[in-house]
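Coordinates as given in target_14.cif (mmCIF, C-alpha atoms (C1' of nucleotides)):
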data_query
loop_
_atom_site.label_atom_id
_atom_site.label_comp_id
_atom_site.auth_asym_id
_atom_site.auth_seq_id
_atom_site.Cartn_x
_atom_site.Cartn_y
_atom_site.Cartn_z
CA MET A 1 0.00 0.00 0.00
CA THR A 2 2.79 2.49 -0.76
CA ASP A 3 1.86 5.84 -2.26
CA ALA A 4 4.45 5.46 -4.97
CA PRO A 5 3.11 5.05 -8.52
CA TYR A 6 2.58 1.51 -9.68
CA HIS A 7 5.68 0.36 -11.42
CA HIS A 8 7.94 -2.68 -11.35
CA GLY A 9 5.80 -5.82 -11.01
CA ARG A 10 3.47 -4.48 -8.34
CA LEU A 11 0.51 -3.91 -10.63
CA ARG A 12 0.32 -7.48 -11.86
CA VAL A 13 0.31 -8.86 -8.33
CA THR A 14 -2.17 -6.24 -7.17
CA LEU A 15 -4.58 -6.94 -10.02
CA LEU A 16 -4.42 -10.68 -9.44
CA ALA A 17 -5.10 -10.32 -5.72
CA GLU A 18 -8.05 -8.01 -6.37
CA ALA A 19 -9.38 -10.38 -9.00
CA GLU A 20 -9.18 -13.34 -6.63
CA GLN A 21 -11.17 -11.46 -4.04
CA THR A 22 -13.79 -10.20 -6.48
CA LEU A 23 -14.19 -13.68 -7.93
CA ARG A 24 -14.73 -15.12 -4.47
CA GLU A 25 -17.09 -12.44 -3.21
CA ARG A 26 -19.04 -11.39 -6.28
CA GLY A 27 -18.56 -14.08 -8.90
CA ILE A 28 -17.03 -14.11 -12.35
CA ASP A 29 -19.62 -11.81 -13.91
CA ALA A 30 -18.47 -8.99 -11.65
CA LEU A 31 -14.90 -9.38 -12.83
CA SER A 32 -13.98 -6.60 -15.26
CA LEU A 33 -10.56 -5.35 -16.25
CA ARG A 34 -11.74 -1.76 -16.04
CA ASP A 35 -13.05 -2.24 -12.53
CA LEU A 36 -9.84 -3.88 -11.39
CA ALA A 37 -7.86 -0.99 -12.85
CA ARG A 38 -10.10 1.44 -11.01
CA GLN A 39 -9.57 -0.38 -7.72
CA ALA A 40 -5.83 -0.29 -8.29
CA GLY A 41 -5.97 3.44 -8.98
CA VAL A 42 -4.64 3.04 -12.46
CA SER A 43 -5.91 3.87 -15.94
CA HIS A 44 -8.15 1.36 -17.66
CA ALA A 45 -5.52 0.58 -20.26
CA ALA A 46 -2.78 -0.16 -17.77
CA PRO A 47 -3.66 -3.84 -17.10
CA ARG A 48 -2.98 -4.51 -20.76
CA ARG A 49 0.76 -4.50 -20.00
CA HIS A 50 0.32 -7.47 -17.66
CA PHE A 51 -2.67 -9.31 -19.10
CA GLU A 52 -3.14 -9.25 -22.83
CA ASP A 53 -6.90 -9.61 -22.55
CA ARG A 54 -9.60 -10.71 -20.16
CA LYS A 55 -9.03 -14.34 -21.00
CA ALA A 56 -5.38 -14.03 -20.03
CA LEU A 57 -6.40 -12.72 -16.61
CA LEU A 58 -8.82 -15.63 -16.18
CA ASP A 59 -6.11 -18.09 -17.18
CA ALA A 60 -3.77 -16.53 -14.65
CA LEU A 61 -6.46 -16.86 -11.99
CA ALA A 62 -7.00 -20.53 -12.81
CA ASN A 63 -3.26 -20.97 -12.67
CA VAL A 64 -3.08 -19.46 -9.20
CA GLY A 65 -5.96 -21.71 -8.21
CA PHE A 66 -4.26 -24.89 -9.33
CA THR A 67 -1.03 -23.91 -7.65
CA ARG A 68 -2.76 -23.12 -4.38
CA LEU A 69 -4.96 -26.22 -4.48
CA ASP A 70 -1.92 -28.37 -5.11
CA ARG A 71 -0.11 -26.77 -2.18
CA GLU A 72 -3.06 -27.26 0.17
CA ILE A 73 -3.54 -30.89 -0.84
CA ARG A 74 0.17 -31.60 -0.42
CA ALA A 75 0.09 -30.02 3.03
CA ALA A 76 -2.97 -32.05 4.00
CA ILE A 77 -1.38 -35.29 2.82
CA ASN A 78 1.87 -34.61 4.59
CA SER A 79 0.23 -33.94 7.91
CA ALA A 80 -1.99 -37.01 7.74
CA GLY A 81 0.51 -39.64 8.81
CA ASP A 82 1.45 -42.76 6.88
CA ASP A 83 -1.87 -44.57 6.62
CA PHE A 84 -3.07 -44.50 3.02
CA PRO A 85 -6.81 -44.13 3.66
CA ALA A 86 -6.06 -41.32 6.10
CA ARG A 87 -3.95 -39.57 3.49
CA LEU A 88 -6.61 -40.02 0.85
CA GLN A 89 -9.23 -38.63 3.15
CA ALA A 90 -7.05 -35.67 4.07
CA ALA A 91 -6.49 -34.89 0.39
CA SER A 92 -10.19 -35.17 -0.38
CA THR A 93 -11.15 -32.96 2.53
CA ALA A 94 -8.64 -30.32 1.45
CA PHE A 95 -10.10 -30.40 -2.05
CA VAL A 96 -13.66 -30.00 -0.82
CA ARG A 97 -12.70 -27.22 1.56
CA PHE A 98 -11.04 -25.41 -1.31
CA ALA A 99 -14.13 -25.82 -3.48
CA ALA A 100 -16.44 -24.57 -0.76
CA ARG A 101 -14.33 -21.46 -0.23
CA ASP A 102 -13.58 -20.69 -3.90
CA ALA A 103 -16.47 -22.15 -5.86
CA ALA A 104 -16.23 -19.72 -8.76
CA LEU A 105 -12.50 -20.33 -9.00
CA VAL A 106 -13.12 -24.07 -9.26
CA ASP A 107 -15.51 -23.39 -12.11
CA LEU A 108 -12.78 -21.46 -13.85
CA MET A 109 -10.13 -24.11 -13.22
CA PHE A 110 -12.16 -26.95 -14.69
CA ALA A 111 -13.98 -25.05 -17.41
CA ALA A 112 -14.17 -26.82 -20.75
CA LYS A 113 -12.83 -23.84 -22.64
CA ASN A 114 -9.48 -24.31 -20.98
CA ALA A 115 -9.02 -27.52 -22.96
CA GLY A 116 -5.59 -27.69 -24.56
CA GLN A 117 -5.05 -24.00 -24.02
CA SER A 118 -2.31 -21.92 -22.46
CA PRO A 119 0.83 -23.90 -21.56
CA GLY A 120 1.20 -22.13 -18.23
CA LEU A 121 -2.23 -23.27 -17.17
CA SER A 122 -1.77 -26.89 -18.16
CA GLU A 123 1.57 -26.87 -16.37
CA ALA A 124 -0.08 -25.79 -13.13
CA SER A 125 -2.87 -28.33 -13.44
CA GLU A 126 -0.39 -31.05 -14.24
CA ARG A 127 1.41 -30.38 -11.00
CA LEU A 128 -1.87 -31.10 -9.19
CA PHE A 129 -2.35 -34.24 -11.24
CA ALA A 130 1.18 -35.32 -10.37
CA THR A 131 0.42 -34.93 -6.68
CA VAL A 132 -2.59 -37.19 -7.08
CA GLY A 133 -0.36 -39.60 -9.00
CA ASP A 134 2.10 -39.67 -6.11
CA LEU A 135 -0.73 -40.46 -3.74
CA ILE A 136 -1.84 -43.33 -5.96
CA ALA A 137 1.70 -44.69 -6.07
CA GLN A 138 1.90 -44.61 -2.28
CA GLY A 139 -1.38 -46.46 -2.05
CA GLN A 140 -0.14 -49.13 -4.39
CA GLN A 141 3.12 -49.54 -2.50
CA ALA A 142 1.15 -49.89 0.71
CA GLY A 143 -0.96 -52.57 -0.94
CA ALA A 144 -4.12 -50.52 -0.44
CA LEU A 145 -4.72 -50.22 -4.17
CA PRO A 146 -4.58 -52.76 -6.97
CA PRO A 147 -1.11 -52.76 -8.55
CA ARG A 148 -2.32 -52.29 -12.10
CA SER A 149 -2.79 -49.19 -14.28
CA PRO A 150 -1.80 -46.33 -11.94
CA GLU A 151 -2.58 -43.94 -14.76
CA ARG A 152 -6.19 -45.04 -14.89
CA LEU A 153 -6.52 -44.98 -11.12
CA ARG A 154 -5.12 -41.46 -11.08
CA LEU A 155 -7.63 -40.22 -13.65
CA LEU A 156 -10.46 -41.90 -11.79
CA LEU A 157 -9.40 -40.39 -8.47
CA VAL A 158 -9.15 -36.94 -10.01
CA ALA A 159 -12.64 -37.41 -11.45
CA VAL A 160 -14.05 -38.45 -8.08
CA LEU A 161 -12.39 -35.60 -6.21
CA GLN A 162 -13.38 -33.03 -8.78
CA GLY A 163 -16.89 -34.41 -8.93
CA ILE A 164 -17.37 -34.15 -5.19
CA ALA A 165 -15.80 -30.68 -5.16
CA VAL A 166 -18.17 -29.41 -7.84
CA LEU A 167 -21.16 -30.94 -6.10
CA VAL A 168 -20.19 -28.99 -3.00
CA ALA A 169 -19.30 -25.84 -4.90
CA SER A 170 -22.64 -25.81 -6.68
CA GLY A 171 -24.52 -26.38 -3.46
CA ARG A 172 -25.91 -29.74 -4.60
CA ALA A 173 -24.22 -31.43 -1.66
CA ALA A 174 -24.18 -29.75 1.74
CA PRO A 175 -20.90 -29.55 3.67
CA ALA A 176 -22.29 -32.12 6.10
CA GLN A 177 -22.98 -34.50 3.21
CA ALA A 178 -19.53 -33.81 1.84
CA ASP A 179 -17.88 -35.58 4.77
CA ALA A 180 -20.02 -38.67 4.22
CA LEU A 181 -19.29 -38.48 0.50
CA ILE A 182 -15.58 -38.37 1.15
CA ALA A 183 -15.77 -41.25 3.58
CA ASP A 184 -17.64 -43.32 0.99
CA ALA A 185 -15.25 -42.39 -1.77
CA VAL A 186 -12.26 -43.27 0.39
CA SER A 187 -13.64 -46.64 1.40
CA LEU A 188 -14.72 -47.34 -2.16
CA PHE A 189 -11.32 -46.45 -3.47
CA ALA A 190 -9.11 -47.85 -0.79
CA ARG A 191 -10.95 -51.08 -0.09
CA GLY A 192 -13.86 -51.31 -2.47
CA PRO A 193 -17.55 -51.34 -1.58
CA ALA A 194 -17.14 -54.98 -0.57
CA ALA A 195 -15.50 -53.81 2.64
CA GLU A 196 -18.41 -51.58 3.43
CA ALA A 197 -21.43 -53.81 3.54
CA ARG A 198 -20.79 -57.26 2.18
CA MET B 1 -39.03 -20.61 -41.06
CA THR B 2 -42.30 -18.86 -41.95
CA ASP B 3 -42.15 -15.28 -43.19
CA ALA B 4 -44.75 -14.24 -40.69
CA PRO B 5 -43.60 -11.88 -37.94
CA TYR B 6 -42.46 -13.53 -34.75
CA HIS B 7 -45.39 -13.78 -32.45
CA HIS B 8 -46.95 -16.42 -30.21
CA GLY B 9 -44.23 -18.51 -28.57
CA ARG B 10 -42.01 -18.89 -31.62
CA LEU B 11 -39.42 -16.34 -30.57
CA ARG B 12 -38.61 -18.03 -27.29
CA VAL B 13 -38.05 -21.39 -28.94
CA THR B 14 -36.05 -19.81 -31.76
CA LEU B 15 -33.80 -17.93 -29.37
CA LEU B 16 -33.17 -21.01 -27.27
CA ALA B 17 -32.28 -23.12 -30.30
CA GLU B 18 -29.91 -20.46 -31.61
CA ALA B 19 -28.34 -20.11 -28.19
CA GLU B 20 -27.76 -23.85 -27.93
CA GLN B 21 -25.99 -23.88 -31.25
CA THR B 22 -23.88 -20.82 -30.50
CA LEU B 23 -22.91 -22.24 -27.12
CA ARG B 24 -21.83 -25.49 -28.73
CA GLU B 25 -19.94 -23.96 -31.64
CA ARG B 26 -18.47 -20.75 -30.25
CA GLY B 27 -18.61 -21.01 -26.48
CA ILE B 28 -20.37 -19.02 -23.82
CA ASP B 29 -18.43 -15.80 -24.41
CA ALA B 30 -19.94 -15.55 -27.88
CA LEU B 31 -23.44 -15.73 -26.47
CA SER B 32 -25.08 -12.30 -26.50
CA LEU B 33 -28.73 -11.41 -26.33
CA ARG B 34 -28.29 -8.76 -29.00
CA ASP B 35 -26.65 -11.21 -31.36
CA LEU B 36 -29.38 -13.78 -30.85
CA ALA B 37 -31.99 -11.12 -31.56
CA ARG B 38 -30.14 -10.18 -34.72
CA GLN B 39 -30.05 -13.81 -35.88
CA ALA B 40 -33.76 -14.10 -35.21
CA GLY B 41 -34.43 -10.93 -37.23
CA VAL B 42 -35.90 -9.15 -34.29
CA SER B 43 -35.09 -5.97 -32.40
CA HIS B 44 -32.53 -6.17 -29.61
CA ALA B 45 -35.14 -5.47 -26.97
CA ALA B 46 -37.49 -8.23 -28.09
CA PRO B 47 -35.85 -11.12 -26.19
CA ARG B 48 -36.66 -9.28 -22.99
CA ARG B 49 -40.26 -10.52 -23.27
CA HIS B 50 -39.07 -14.12 -23.01
CA PHE B 51 -35.90 -13.89 -20.95
CA GLU B 52 -35.72 -11.23 -18.27
CA ASP B 53 -31.97 -10.93 -18.55
CA ARG B 54 -28.92 -12.79 -19.78
CA LYS B 55 -28.82 -14.91 -16.67
CA ALA B 56 -32.39 -16.06 -17.31
CA LEU B 57 -31.39 -17.26 -20.77
CA LEU B 58 -28.40 -19.12 -19.33
CA ASP B 59 -30.65 -20.74 -16.72
CA ALA B 60 -33.05 -21.81 -19.44
CA LEU B 61 -30.15 -23.30 -21.40
CA ALA B 62 -28.95 -25.25 -18.37
CA ASN B 63 -32.50 -26.39 -17.88
CA VAL B 64 -32.72 -27.70 -21.42
CA GLY B 65 -29.38 -29.39 -20.87
CA PHE B 66 -30.51 -31.24 -17.76
CA THR B 67 -33.72 -32.33 -19.41
CA ARG B 68 -31.94 -33.62 -22.48
CA LEU B 69 -29.19 -35.33 -20.50
CA ASP B 70 -31.78 -37.04 -18.35
CA ARG B 71 -33.63 -38.23 -21.43
CA GLU B 72 -30.46 -39.58 -23.06
CA ILE B 73 -29.37 -41.37 -19.91
CA ARG B 74 -32.81 -42.92 -19.44
CA ALA B 75 -32.79 -44.12 -23.05
CA ALA B 76 -29.32 -45.61 -22.64
CA ILE B 77 -30.32 -47.43 -19.46
CA ASN B 78 -33.50 -48.80 -20.96
CA SER B 79 -31.76 -50.23 -24.00
CA ALA B 80 -28.98 -51.85 -21.98
CA GLY B 81 -30.80 -54.92 -20.79
CA ASP B 82 -31.27 -56.04 -17.21
CA ASP B 83 -27.70 -56.50 -16.05
CA PHE B 84 -26.82 -53.79 -13.54
CA PRO B 85 -23.18 -53.21 -14.56
CA ALA B 86 -24.29 -53.01 -18.18
CA ARG B 87 -26.91 -50.41 -17.28
CA LEU B 88 -24.42 -48.43 -15.23
CA GLN B 89 -21.96 -48.46 -18.07
CA ALA B 90 -24.60 -47.41 -20.56
CA ALA B 91 -25.59 -44.49 -18.35
CA SER B 92 -21.97 -43.44 -17.88
CA THR B 93 -21.24 -43.64 -21.58
CA ALA B 94 -24.30 -41.53 -22.37
CA PHE B 95 -23.14 -38.92 -19.87
CA VAL B 96 -19.65 -38.78 -21.30
CA ARG B 97 -20.95 -38.58 -24.84
CA PHE B 98 -23.16 -35.68 -23.85
CA ALA B 99 -20.23 -33.91 -22.21
CA ALA B 100 -18.00 -34.40 -25.23
CA ARG B 101 -20.62 -32.94 -27.53
CA ASP B 102 -21.79 -30.08 -25.32
CA ALA B 103 -18.84 -29.23 -23.12
CA ALA B 104 -19.79 -25.58 -22.62
CA LEU B 105 -23.32 -26.59 -21.72
CA VAL B 106 -22.01 -28.96 -19.07
CA ASP B 107 -20.02 -26.08 -17.62
CA LEU B 108 -23.20 -24.08 -17.42
CA MET B 109 -25.22 -26.91 -15.90
CA PHE B 110 -22.80 -27.55 -13.07
CA ALA B 111 -21.60 -23.99 -12.49
CA ALA B 112 -21.31 -22.97 -8.87
CA LYS B 113 -23.37 -19.84 -9.37
CA ASN B 114 -26.43 -21.96 -10.00
CA ALA B 115 -26.41 -22.99 -6.36
CA GLY B 116 -29.86 -22.70 -4.82
CA GLN B 117 -31.05 -20.55 -7.67
CA SER B 118 -34.02 -20.67 -9.99
CA PRO B 119 -36.63 -23.28 -9.06
CA GLY B 120 -37.08 -24.41 -12.65
CA LEU B 121 -33.41 -25.22 -12.95
CA SER B 122 -33.21 -27.22 -9.75
CA GLU B 123 -36.34 -29.08 -10.82
CA ALA B 124 -34.71 -30.17 -14.05
CA SER B 125 -31.49 -31.20 -12.35
CA GLU B 126 -33.43 -33.10 -9.71
CA ARG B 127 -35.08 -35.17 -12.40
CA LEU B 128 -31.62 -36.26 -13.50
CA PHE B 129 -30.69 -37.00 -9.91
CA ALA B 130 -33.85 -39.07 -9.55
CA THR B 131 -32.90 -41.13 -12.58
CA VAL B 132 -29.54 -41.86 -11.00
CA GLY B 133 -31.38 -42.72 -7.79
CA ASP B 134 -33.54 -45.22 -9.66
CA LEU B 135 -30.45 -46.83 -11.10
CA ILE B 136 -28.97 -47.14 -7.63
CA ALA B 137 -32.16 -48.73 -6.36
CA GLN B 138 -32.08 -51.27 -9.18
CA GLY B 139 -28.48 -52.09 -8.37
CA GLN B 140 -29.34 -52.67 -4.74
CA GLN B 141 -32.31 -54.87 -5.60
CA ALA B 142 -30.05 -56.90 -7.86
CA GLY B 143 -27.59 -57.26 -5.02
CA ALA B 144 -24.88 -55.52 -7.02
CA LEU B 145 -24.63 -52.68 -4.54
CA PRO B 146 -24.46 -52.63 -0.76
CA PRO B 147 -27.98 -52.27 0.68
CA ARG B 148 -27.16 -49.30 2.89
CA SER B 149 -27.48 -45.53 2.34
CA PRO B 150 -28.86 -45.27 -1.21
CA GLU B 151 -28.78 -41.51 -0.79
CA ARG B 152 -25.05 -41.49 -0.27
CA LEU B 153 -24.46 -43.91 -3.11
CA ARG B 154 -26.51 -41.70 -5.38
CA LEU B 155 -24.51 -38.59 -4.54
CA LEU B 156 -21.27 -40.48 -4.99
CA LEU B 157 -22.34 -41.84 -8.37
CA VAL B 158 -23.39 -38.41 -9.53
CA ALA B 159 -20.01 -37.08 -8.42
CA VAL B 160 -18.16 -39.80 -10.31
CA LEU B 161 -20.20 -39.37 -13.48
CA GLN B 162 -19.95 -35.60 -13.40
CA GLY B 163 -16.23 -35.78 -12.62
CA ILE B 164 -15.54 -38.03 -15.60
CA ALA B 165 -17.75 -35.90 -17.83
CA VAL B 166 -15.91 -32.71 -16.91
CA LEU B 167 -12.54 -34.39 -17.39
CA VAL B 168 -13.63 -35.28 -20.90
CA ALA B 169 -15.29 -31.93 -21.56
CA SER B 170 -12.15 -30.04 -20.53
CA GLY B 171 -9.96 -32.26 -22.66
CA ARG B 172 -8.03 -33.60 -19.68
CA ALA B 173 -9.11 -37.12 -20.56
CA ALA B 174 -9.21 -38.24 -24.19
CA PRO B 175 -12.32 -40.03 -25.47
CA ALA B 176 -10.26 -43.23 -25.64
CA GLN B 177 -9.34 -42.83 -21.98
CA ALA B 178 -12.94 -42.12 -21.14
CA ASP B 179 -13.98 -45.66 -21.98
CA ALA B 180 -11.32 -47.07 -19.68
CA LEU B 181 -12.35 -44.58 -17.00
CA ILE B 182 -15.96 -45.66 -17.26
CA ALA B 183 -15.01 -49.32 -17.13
CA ASP B 184 -12.97 -48.68 -13.99
CA ALA B 185 -15.72 -46.64 -12.40
CA VAL B 186 -18.28 -49.31 -13.16
CA SER B 187 -16.18 -52.12 -11.74
CA LEU B 188 -15.27 -50.00 -8.74
CA PHE B 189 -18.87 -49.18 -8.11
CA ALA B 190 -20.55 -52.43 -8.97
CA ARG B 191 -18.06 -54.82 -7.46
CA GLY B 192 -15.35 -52.81 -5.78
CA PRO B 193 -11.67 -52.72 -6.72
CA ALA B 194 -11.24 -56.05 -5.00
CA ALA B 195 -12.83 -57.69 -8.02
CA GLU B 196 -10.38 -56.04 -10.30
CA ALA B 197 -6.98 -57.12 -9.15
CA ARG B 198 -7.04 -58.80 -5.79
"C1'" DA C 1 9.49 -0.20 -19.72
"C1'" DC C 2 5.20 1.26 -18.06
"C1'" DC C 3 1.22 4.08 -17.97
"C1'" DT C 4 -2.45 7.69 -19.80
"C1'" DG C 5 -6.43 9.43 -22.46
"C1'" DA C 6 -9.20 9.44 -26.27
"C1'" DA C 7 -11.58 6.58 -29.39
"C1'" DC C 8 -14.28 2.55 -31.38
"C1'" DA C 9 -17.40 -1.10 -31.46
"C1'" DC C 10 -20.12 -3.80 -28.69
"C1'" DC C 11 -23.05 -5.11 -24.91
"C1'" DG C 12 -27.09 -5.46 -21.17
"C1'" DT C 13 -30.86 -3.00 -19.63
"C1'" DT C 14 -34.62 0.41 -19.51
"C1'" DC C 15 -38.62 2.73 -21.27
"C1'" DA C 16 -41.83 5.28 -23.94
"C1'" DA C 17 -44.10 4.28 -27.98
"C1'" DG C 18 -46.07 1.56 -31.59
"C1'" DT C 19 -49.18 -2.54 -33.64
"C1'" DA D 1 -49.60 -9.36 -25.73
"C1'" DC D 2 -45.56 -8.57 -28.23
"C1'" DC D 3 -42.23 -5.85 -30.50
"C1'" DT D 4 -39.49 -1.33 -31.85
"C1'" DG D 5 -36.17 2.49 -31.41
"C1'" DA D 6 -33.72 5.60 -28.82
"C1'" DA D 7 -31.09 6.13 -24.81
"C1'" DC D 8 -27.80 5.14 -20.85
"C1'" DA D 9 -24.05 3.21 -18.57
"C1'" DC D 10 -20.65 -0.04 -19.00
"C1'" DC D 11 -17.24 -2.94 -21.12
"C1'" DG D 12 -12.91 -4.92 -23.93
"C1'" DT D 13 -9.60 -3.45 -27.01
"C1'" DT D 14 -6.58 -0.34 -29.67
"C1'" DC D 15 -3.27 3.27 -30.26
"C1'" DA D 16 -0.84 7.50 -30.25
"C1'" DA D 17 1.27 9.97 -26.80
"C1'" DG D 18 3.44 10.84 -22.44
"C1'" DT D 19 7.12 9.88 -18.43
#

Could you take the file, read its structure, and then write that structure out as structure tokens?
Amino acid sequence: MTDAPYHHGRLRVTLLAEAEQTLRERGIDALSLRDLARQAGVSHAAPRRHFEDRKALLDALANVGFTRLDREIRAAINSAGDDFPARLQAASTAFVRFAARDAALVDLMFAAKNAGQSPGLSEASERLFATVGDLIAQGQQAGALPPRSPERLRLLLVAVLQGIAVLVASGRAAPAQADALIADAVSLFARGPAAEAR
Amino acid sequence: MTDAPYHHGRLRVTLLAEAEQTLRERGIDALSLRDLARQAGVSHAAPRRHFEDRKALLDALANVGFTRLDREIRAAINSAGDDFPARLQAASTAFVRFAARDAALVDLMFAAKNAGQSPGLSEASERLFATVGDLIAQGQQAGALPPRSPERLRLLLVAVLQGIAVLVASGRAAPAQADALIADAVSLFARGPAAEAR
DNA sequence: ACCTGAACACCGTTCAAGT
DNA sequence: ACCTGAACACCGTTCAAGT
């Protein structure tokens, strides 16, 4: 919050931080480059230097989202001990918590239009996927998962986690239900439904 | 395509059909009320009679999406015979096919901002959820699913299906991978991973 | 290298008026 | 009941010009 004019790299960081907050509090429709510039006390054409267009800002936001989600999931896994189901549950809970807090950001991160798009974005999402892959590998080493096709297991786990997260983010599953959902997903994944009721 | 002026209910249907096509071919950013009006040969203020604002049009689109997805999944289930895994796979495949064809529409349908919103929208999505619930009930009656907590199983299945669909829609899973994903999900769900490799 | 200010085309929304 | 046309405020994007 210095009074000095925005120079160096300050504006980019400032715009991104403002955008994150606006996205969280008022949704993606309220996100305009001109408004962000106004908030930053800068002319409406200034953001252009740091984000080529609106889409570039959105990509950068999704990027930040993937990086932060990856960090939070890693932290959750690392503080969950050695037990595989416990680690899986910790990762799932971190994902759901993230989705509940930043629902609009999750929309952005998994939007279809970001298919094979910007390399920076796919790089960030691939780091998250790699973290899930590591978790799968650990589960297989611990004998908690079948030893075949880690790639397919990884995709399936990502699908389950993302599916639960979106259900929570869109309000179709209440936070209370989310815990039960996670528990079911974990037991399904780590031991199969056979362990649950057969 | 009559030459008569747009009256009666024709304009609403026309606008919706145009919007569906634009959404599919050019994405949600290309969807503007003014442009739709232009395509329909009508003044830019005319759509207002049928859609109060842009959000109302988007809600209607999501509504159409849920209704159509439900219909396609029902059809797939009904033509898949009596075997539960076969029905589950047919439903999953129909979902993925829908997502691959209408990726942007799927984004819209499961967007976070449609939380507890318009009653019409939640009604349409609940019909889809009910179809999944029926499938779960069939699976339990056939003894292919554990007899407890059908509600939780339903939510979990919706999460898995939606997760796979979004992975496909966003290009993070190739159509070829989607089949393997579905097969894994089906075997995980219908028999547990224990049946796969243990 | 970074930002400003004017300009352009486009948009959503509103409203008095037409048929 | 449904549509038109003008109007308003806002937006993304471009570009010559400033520091």

Let me know the residues the PyMOL selection byres ((chain A) within 8 of (chain C)) catches in the file above, as a PyMOL selection string.
-> chain A and resi 7+43+45-46+49

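Proximity ranking of A:Ala112, A:Ala90, A:Ala176, A:Leu57 relative to chain B places A:Ala112 first, based on only C-alpha atoms.
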
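Counting all atoms listed in the file, the residue from B:Gly41, B:Pro150, B:Gly65, B:Gly27 that sits nearest to chain A is B:Gly27.
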
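Taking CA of Phe98 (chain B) as the reference point, CA of Leu69 (chain B) is found at 6.9 Å.
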
Give me, as a VMD selection string, the contact residues of chain B against chain A at a cut-off of 9 Å, counting only C-alpha atoms.
-> chain B and resid 27 103 to 104 106 to 107 110 to 116 145 to 148 152 to 153 155 to 173 177 180 to 182 184 to 185 188 to 198

Using all atoms of chain D listed in the file and a margin of 5 Å per side, can you give the axis-aligned box centre and edge lengths in Å to one decimal, as lines of an AutoDock Vina configuration file?
center_x = -21.2
center_y = 0.7
center_z = -25.1
size_x = 66.7
size_y = 30.2
size_z = 23.4

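Taking CA of Asp83 (chain A) and CA of Ala142 (chain A) as endpoints, the distance between them is 8.5 Å.
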